[in-house]
>>> print(open('target07.txt').read())   # compact mmCIF, N, CA and C atoms
# COMPACT_ATOMS: atom_id res chain seq x y z
N MET C 1 -93.45 -36.67 71.38
CA MET C 1 -93.26 -37.67 72.42
C MET C 1 -91.84 -37.63 72.94
N ARG C 2 -91.16 -36.55 72.76
CA ARG C 2 -89.77 -36.40 73.13
C ARG C 2 -89.57 -36.61 74.63
N GLY C 3 -88.70 -37.59 74.97
CA GLY C 3 -88.33 -37.83 76.36
C GLY C 3 -89.38 -38.53 77.20
N VAL C 4 -90.45 -38.99 76.62
CA VAL C 4 -91.53 -39.65 77.35
C VAL C 4 -91.12 -41.06 77.75
N ALA C 5 -91.49 -41.48 78.95
CA ALA C 5 -91.26 -42.85 79.39
C ALA C 5 -92.52 -43.66 79.15
N SER C 6 -92.43 -44.68 78.33
CA SER C 6 -93.58 -45.52 77.98
C SER C 6 -93.14 -46.97 78.03
N ARG C 7 -92.60 -47.40 79.14
CA ARG C 7 -92.06 -48.76 79.25
C ARG C 7 -93.16 -49.81 79.31
N ASN C 8 -92.79 -51.01 78.84
CA ASN C 8 -93.65 -52.19 78.95
C ASN C 8 -95.02 -52.04 78.29
N ILE C 9 -95.09 -51.36 77.14
CA ILE C 9 -96.38 -51.21 76.47
C ILE C 9 -96.42 -52.04 75.20
N ASP C 10 -97.61 -52.35 74.75
CA ASP C 10 -97.80 -53.14 73.54
C ASP C 10 -98.24 -52.21 72.41
N LEU C 11 -97.33 -51.99 71.47
CA LEU C 11 -97.62 -51.17 70.30
C LEU C 11 -97.43 -51.99 69.03
N GLN C 12 -97.73 -53.26 69.12
CA GLN C 12 -97.54 -54.16 67.99
C GLN C 12 -98.30 -53.65 66.77
N GLY C 13 -97.57 -53.55 65.63
CA GLY C 13 -98.17 -53.16 64.37
C GLY C 13 -98.50 -51.68 64.22
N VAL C 14 -98.06 -50.84 65.13
CA VAL C 14 -98.38 -49.42 65.09
C VAL C 14 -97.54 -48.71 64.01
N ASP C 15 -98.07 -47.62 63.46
CA ASP C 15 -97.36 -46.82 62.47
C ASP C 15 -96.78 -45.59 63.16
N LEU C 16 -95.46 -45.62 63.37
CA LEU C 16 -94.74 -44.49 63.96
C LEU C 16 -93.73 -43.92 62.95
N SER C 17 -94.00 -44.16 61.68
CA SER C 17 -93.08 -43.68 60.65
C SER C 17 -92.99 -42.15 60.71
N ARG C 18 -91.76 -41.67 60.52
CA ARG C 18 -91.46 -40.24 60.47
C ARG C 18 -91.74 -39.49 61.78
N GLN C 19 -91.94 -40.20 62.88
CA GLN C 19 -92.21 -39.55 64.16
C GLN C 19 -90.92 -39.11 64.85
N ASP C 20 -90.99 -38.03 65.62
CA ASP C 20 -89.86 -37.56 66.41
C ASP C 20 -89.99 -38.18 67.80
N LEU C 21 -89.19 -39.20 68.05
CA LEU C 21 -89.24 -39.95 69.31
C LEU C 21 -87.91 -39.85 70.06
N GLN C 22 -87.24 -38.72 69.91
CA GLN C 22 -85.94 -38.53 70.55
C GLN C 22 -86.05 -38.74 72.06
N PHE C 23 -85.10 -39.49 72.60
CA PHE C 23 -84.94 -39.72 74.04
C PHE C 23 -86.12 -40.41 74.71
N ILE C 24 -87.01 -41.01 73.94
CA ILE C 24 -88.14 -41.74 74.51
C ILE C 24 -87.62 -43.01 75.18
N ASP C 25 -88.31 -43.48 76.20
CA ASP C 25 -87.98 -44.73 76.87
C ASP C 25 -89.09 -45.73 76.58
N LEU C 26 -88.79 -46.69 75.71
CA LEU C 26 -89.73 -47.76 75.37
C LEU C 26 -89.19 -49.12 75.80
N SER C 27 -88.40 -49.13 76.86
CA SER C 27 -87.80 -50.38 77.34
C SER C 27 -88.84 -51.46 77.56
N ASN C 28 -88.49 -52.67 77.14
CA ASN C 28 -89.32 -53.86 77.33
C ASN C 28 -90.71 -53.77 76.69
N SER C 29 -90.87 -52.90 75.70
CA SER C 29 -92.14 -52.77 75.00
C SER C 29 -92.17 -53.69 73.78
N ASN C 30 -93.36 -53.91 73.25
CA ASN C 30 -93.55 -54.74 72.06
C ASN C 30 -93.93 -53.85 70.89
N LEU C 31 -92.99 -53.69 69.95
CA LEU C 31 -93.26 -52.96 68.72
C LEU C 31 -93.06 -53.88 67.52
N SER C 32 -93.32 -55.15 67.71
CA SER C 32 -93.16 -56.10 66.61
C SER C 32 -94.09 -55.71 65.46
N ASN C 33 -93.58 -55.89 64.24
CA ASN C 33 -94.32 -55.60 63.01
C ASN C 33 -94.77 -54.14 62.90
N SER C 34 -94.11 -53.25 63.61
CA SER C 34 -94.44 -51.83 63.55
C SER C 34 -93.65 -51.13 62.45
N ASP C 35 -94.15 -49.97 62.03
CA ASP C 35 -93.47 -49.16 61.02
C ASP C 35 -92.81 -47.98 61.73
N LEU C 36 -91.48 -48.03 61.81
CA LEU C 36 -90.69 -46.95 62.39
C LEU C 36 -89.77 -46.35 61.33
N SER C 37 -90.13 -46.55 60.07
CA SER C 37 -89.28 -46.04 58.99
C SER C 37 -89.18 -44.51 59.09
N HIS C 38 -87.97 -44.02 58.90
CA HIS C 38 -87.67 -42.59 58.93
C HIS C 38 -87.94 -41.93 60.28
N ALA C 39 -88.16 -42.71 61.34
CA ALA C 39 -88.41 -42.14 62.67
C ALA C 39 -87.10 -41.65 63.28
N ASN C 40 -87.20 -40.64 64.13
CA ASN C 40 -86.04 -40.12 64.84
C ASN C 40 -86.07 -40.65 66.27
N LEU C 41 -85.20 -41.64 66.54
CA LEU C 41 -85.10 -42.26 67.86
C LEU C 41 -83.73 -41.95 68.48
N THR C 42 -83.18 -40.80 68.15
CA THR C 42 -81.89 -40.40 68.69
C THR C 42 -81.93 -40.43 70.21
N GLY C 43 -80.94 -41.12 70.81
CA GLY C 43 -80.81 -41.17 72.26
C GLY C 43 -81.91 -41.92 72.99
N ALA C 44 -82.74 -42.66 72.28
CA ALA C 44 -83.84 -43.40 72.90
C ALA C 44 -83.33 -44.56 73.75
N THR C 45 -84.09 -44.91 74.78
CA THR C 45 -83.80 -46.08 75.60
C THR C 45 -84.77 -47.17 75.17
N LEU C 46 -84.20 -48.20 74.53
CA LEU C 46 -85.00 -49.28 73.93
C LEU C 46 -84.52 -50.64 74.44
N ARG C 47 -84.11 -50.70 75.68
CA ARG C 47 -83.56 -51.92 76.26
C ARG C 47 -84.63 -53.02 76.29
N GLY C 48 -84.29 -54.19 75.74
CA GLY C 48 -85.19 -55.33 75.77
C GLY C 48 -86.43 -55.19 74.90
N ILE C 49 -86.46 -54.23 74.01
CA ILE C 49 -87.63 -54.00 73.16
C ILE C 49 -87.77 -55.12 72.11
N ASN C 50 -89.00 -55.44 71.77
CA ASN C 50 -89.28 -56.43 70.73
C ASN C 50 -89.58 -55.68 69.44
N LEU C 51 -88.65 -55.74 68.49
CA LEU C 51 -88.82 -55.12 67.18
C LEU C 51 -88.84 -56.18 66.08
N THR C 52 -89.28 -57.38 66.41
CA THR C 52 -89.37 -58.47 65.45
C THR C 52 -90.25 -58.06 64.27
N GLY C 53 -89.69 -58.17 63.05
CA GLY C 53 -90.45 -57.87 61.85
C GLY C 53 -90.75 -56.39 61.64
N ALA C 54 -90.16 -55.51 62.44
CA ALA C 54 -90.42 -54.08 62.31
C ALA C 54 -89.69 -53.49 61.11
N ASP C 55 -90.24 -52.42 60.56
CA ASP C 55 -89.60 -51.67 59.49
C ASP C 55 -88.94 -50.44 60.11
N LEU C 56 -87.61 -50.49 60.23
CA LEU C 56 -86.83 -49.38 60.77
C LEU C 56 -86.05 -48.67 59.68
N SER C 57 -86.35 -48.94 58.43
CA SER C 57 -85.56 -48.40 57.33
C SER C 57 -85.45 -46.88 57.43
N GLN C 58 -84.21 -46.41 57.25
CA GLN C 58 -83.88 -44.98 57.27
C GLN C 58 -84.14 -44.30 58.61
N ALA C 59 -84.35 -45.06 59.68
CA ALA C 59 -84.56 -44.45 61.00
C ALA C 59 -83.23 -43.98 61.59
N ASN C 60 -83.30 -43.01 62.48
CA ASN C 60 -82.11 -42.51 63.17
C ASN C 60 -82.13 -43.03 64.60
N LEU C 61 -81.22 -43.97 64.89
CA LEU C 61 -81.09 -44.52 66.23
C LEU C 61 -79.72 -44.19 66.81
N SER C 62 -79.14 -43.08 66.39
CA SER C 62 -77.82 -42.71 66.89
C SER C 62 -77.90 -42.47 68.40
N GLY C 63 -76.95 -43.05 69.10
CA GLY C 63 -76.88 -42.90 70.55
C GLY C 63 -77.95 -43.62 71.32
N ALA C 64 -78.77 -44.43 70.66
CA ALA C 64 -79.84 -45.17 71.35
C ALA C 64 -79.27 -46.38 72.10
N ASP C 65 -79.95 -46.78 73.15
CA ASP C 65 -79.57 -47.97 73.91
C ASP C 65 -80.57 -49.08 73.60
N LEU C 66 -80.11 -50.07 72.81
CA LEU C 66 -80.94 -51.20 72.43
C LEU C 66 -80.48 -52.50 73.10
N THR C 67 -79.80 -52.41 74.22
CA THR C 67 -79.28 -53.59 74.90
C THR C 67 -80.36 -54.66 75.02
N GLY C 68 -80.07 -55.86 74.51
CA GLY C 68 -80.98 -57.00 74.63
C GLY C 68 -82.21 -56.94 73.75
N ALA C 69 -82.25 -56.03 72.79
CA ALA C 69 -83.41 -55.90 71.90
C ALA C 69 -83.47 -57.07 70.92
N ASN C 70 -84.67 -57.35 70.43
CA ASN C 70 -84.87 -58.40 69.43
C ASN C 70 -85.28 -57.76 68.11
N LEU C 71 -84.36 -57.82 67.12
CA LEU C 71 -84.62 -57.27 65.80
C LEU C 71 -84.71 -58.37 64.75
N THR C 72 -85.14 -59.55 65.14
CA THR C 72 -85.29 -60.67 64.21
C THR C 72 -86.22 -60.27 63.06
N ASN C 73 -85.76 -60.52 61.83
CA ASN C 73 -86.52 -60.23 60.61
C ASN C 73 -86.91 -58.77 60.44
N ALA C 74 -86.18 -57.86 61.10
CA ALA C 74 -86.45 -56.42 60.95
C ALA C 74 -85.76 -55.88 59.70
N ASN C 75 -86.31 -54.83 59.15
CA ASN C 75 -85.69 -54.12 58.03
C ASN C 75 -84.91 -52.95 58.62
N ILE C 76 -83.57 -53.04 58.60
CA ILE C 76 -82.74 -51.96 59.14
C ILE C 76 -81.92 -51.30 58.04
N ALA C 77 -82.40 -51.38 56.81
CA ALA C 77 -81.70 -50.76 55.68
C ALA C 77 -81.61 -49.26 55.88
N GLY C 78 -80.39 -48.75 55.83
CA GLY C 78 -80.16 -47.32 55.94
C GLY C 78 -80.30 -46.74 57.33
N VAL C 79 -80.41 -47.58 58.36
CA VAL C 79 -80.55 -47.10 59.73
C VAL C 79 -79.22 -46.51 60.23
N ASN C 80 -79.32 -45.41 60.96
CA ASN C 80 -78.15 -44.81 61.59
C ASN C 80 -78.05 -45.32 63.02
N PHE C 81 -77.13 -46.28 63.25
CA PHE C 81 -76.87 -46.83 64.57
C PHE C 81 -75.59 -46.25 65.16
N SER C 82 -75.10 -45.12 64.64
CA SER C 82 -73.83 -44.58 65.13
C SER C 82 -73.91 -44.30 66.63
N GLU C 83 -72.87 -44.76 67.34
CA GLU C 83 -72.75 -44.58 68.80
C GLU C 83 -73.86 -45.26 69.60
N ALA C 84 -74.65 -46.14 68.98
CA ALA C 84 -75.71 -46.86 69.69
C ALA C 84 -75.14 -48.04 70.46
N ASN C 85 -75.85 -48.46 71.50
CA ASN C 85 -75.48 -49.65 72.25
C ASN C 85 -76.33 -50.81 71.76
N LEU C 86 -75.68 -51.74 71.03
CA LEU C 86 -76.37 -52.90 70.46
C LEU C 86 -75.94 -54.19 71.16
N ASP C 87 -75.43 -54.06 72.38
CA ASP C 87 -74.95 -55.22 73.13
C ASP C 87 -76.09 -56.23 73.32
N GLN C 88 -75.84 -57.47 72.97
CA GLN C 88 -76.77 -58.58 73.12
C GLN C 88 -78.04 -58.46 72.26
N VAL C 89 -77.99 -57.64 71.21
CA VAL C 89 -79.13 -57.51 70.30
C VAL C 89 -79.19 -58.73 69.39
N THR C 90 -80.39 -59.23 69.11
CA THR C 90 -80.60 -60.33 68.19
C THR C 90 -80.87 -59.74 66.81
N PHE C 91 -79.97 -60.07 65.85
CA PHE C 91 -80.06 -59.57 64.47
C PHE C 91 -80.22 -60.73 63.50
N GLU C 92 -81.18 -61.59 63.65
CA GLU C 92 -81.36 -62.73 62.76
C GLU C 92 -82.34 -62.38 61.64
N GLY C 93 -81.96 -62.73 60.39
CA GLY C 93 -82.83 -62.54 59.25
C GLY C 93 -83.09 -61.09 58.89
N ILE C 94 -82.17 -60.20 59.23
CA ILE C 94 -82.37 -58.77 58.97
C ILE C 94 -82.00 -58.37 57.55
N GLU C 95 -82.53 -57.25 57.11
CA GLU C 95 -82.11 -56.57 55.89
C GLU C 95 -81.35 -55.34 56.35
N ALA C 96 -80.00 -55.34 56.15
CA ALA C 96 -79.17 -54.29 56.73
C ALA C 96 -78.49 -53.39 55.72
N GLY C 97 -78.92 -53.36 54.49
CA GLY C 97 -78.25 -52.57 53.47
C GLY C 97 -78.00 -51.12 53.88
N ASN C 98 -76.74 -50.70 53.80
CA ASN C 98 -76.30 -49.33 54.08
C ASN C 98 -76.54 -48.85 55.52
N ALA C 99 -76.73 -49.75 56.47
CA ALA C 99 -76.86 -49.33 57.87
C ALA C 99 -75.51 -48.80 58.37
N ASN C 100 -75.55 -47.77 59.20
CA ASN C 100 -74.35 -47.14 59.74
C ASN C 100 -74.13 -47.60 61.18
N PHE C 101 -73.03 -48.33 61.40
CA PHE C 101 -72.70 -48.84 62.73
C PHE C 101 -71.47 -48.14 63.31
N CYS C 102 -71.10 -46.97 62.81
CA CYS C 102 -69.90 -46.26 63.22
C CYS C 102 -69.94 -45.94 64.73
N GLY C 103 -68.98 -46.47 65.46
CA GLY C 103 -68.87 -46.22 66.88
C GLY C 103 -69.86 -46.97 67.75
N ALA C 104 -70.69 -47.83 67.15
CA ALA C 104 -71.69 -48.58 67.92
C ALA C 104 -71.05 -49.72 68.70
N ILE C 105 -71.62 -50.04 69.84
CA ILE C 105 -71.23 -51.23 70.58
C ILE C 105 -72.06 -52.36 70.00
N MET C 106 -71.37 -53.35 69.43
CA MET C 106 -72.02 -54.42 68.70
C MET C 106 -72.52 -55.52 69.65
N PRO C 107 -73.33 -56.48 69.14
CA PRO C 107 -73.89 -57.54 69.99
C PRO C 107 -72.86 -58.34 70.79
N ASP C 108 -71.62 -58.40 70.30
CA ASP C 108 -70.58 -59.13 71.03
C ASP C 108 -69.90 -58.25 72.08
N GLY C 109 -70.36 -57.01 72.26
CA GLY C 109 -69.82 -56.11 73.27
C GLY C 109 -68.65 -55.27 72.80
N LEU C 110 -68.19 -55.48 71.55
CA LEU C 110 -67.07 -54.72 71.03
C LEU C 110 -67.56 -53.50 70.26
N GLN C 111 -66.80 -52.41 70.34
CA GLN C 111 -67.18 -51.20 69.64
C GLN C 111 -66.72 -51.26 68.19
N ARG C 112 -67.60 -50.91 67.27
CA ARG C 112 -67.33 -50.91 65.84
C ARG C 112 -66.53 -49.66 65.50
N LEU C 113 -65.40 -49.83 64.85
CA LEU C 113 -64.59 -48.70 64.45
C LEU C 113 -65.19 -48.05 63.21
N CYS C 114 -64.95 -46.78 63.06
CA CYS C 114 -65.44 -46.03 61.90
C CYS C 114 -64.43 -46.15 60.77
N ASP C 115 -64.92 -46.24 59.55
CA ASP C 115 -64.05 -46.30 58.37
C ASP C 115 -63.50 -44.95 58.04
>>> encode(input="target07.txt", output="C-alpha cells")
Amino acid sequence: MRGVASRNIDLQGVDLSRQDLQFIDLSNSNLSNSDLSHANLTGATLRGINLTGADLSQANLSGADLTGANLTNANIAGVNFSEANLDQVTFEGIEAGNANFCGAIMPDGLQRLCD
C-alpha cells in the first residue's frame, strides 16, 4: 500500500500489524481500536486521523505528519516518532514507554531535541 491515498475512510478495528504503509495518506480516516503494531508508516500523511485506542506499539512513524491526530488511550510504547510532525496531537491516557521523539515537532509546536 506504499504511497496510496486513502483519505476519509473507516478502518475501525482493522488489523494492519506489521504492514508496510510507507508514505500512505490516511488523513481524516478512522483507525480507532486498530492494530498497527510493528507497522511501517514512515513518511505517512496522517493529518486529523482518529487513532483512539489503537495499538501502535513498535510502529515506525518517522517523518510522518500526524498534525491534529487523536491518539487518546493509544499504546505508543516503543514507537519511532523521530522527525514526525505531532503538532496539535491529542495524547491523553497513552502508554508511551520507550517512544522515540527525537527531532519531532511536539503538540505545542516546539521541536524535541535529541539526547
>>> atom_distance(input="target07.txt", atom1="atom CA of Thr72 of chain C", atom2="atom CA of Asp115 of chain C")
26.3 Å
>>> residues_around(input="target07.txt", residues="Leu51 of chain C", least_positions_apart="6", cutoff="10 Å", atoms="only C-alpha atoms", output="list in words")
Gln12, Gly13, Ser29, Asn30, Leu31, Ser32, Asn33, Ser34, Asp35, Leu36, Ala69, Asn70, Leu71, Thr72, Asn73, Ala74, Asn75 and Thr90 of chain C
>>> closest_residue(input="target07.txt", among="C:Ala64, C:His38, C:Pro107, C:Ile49", to="Phe91 of chain C", atoms="only N, CA and C atoms")
C:Pro107
>>> closest_residue(input="target07.txt", among="C:Ala59, C:Leu66, C:Val89, C:Ala96", to="Gly109 of chain C", atoms="all atoms listed in the file")
C:Val89
>>> closest_residue(input="target07.txt", among="C:Cys102, C:Ile94, C:Leu41, C:Leu11", to="Phe23 of chain C", atoms="all atoms listed in the file")
C:Leu41
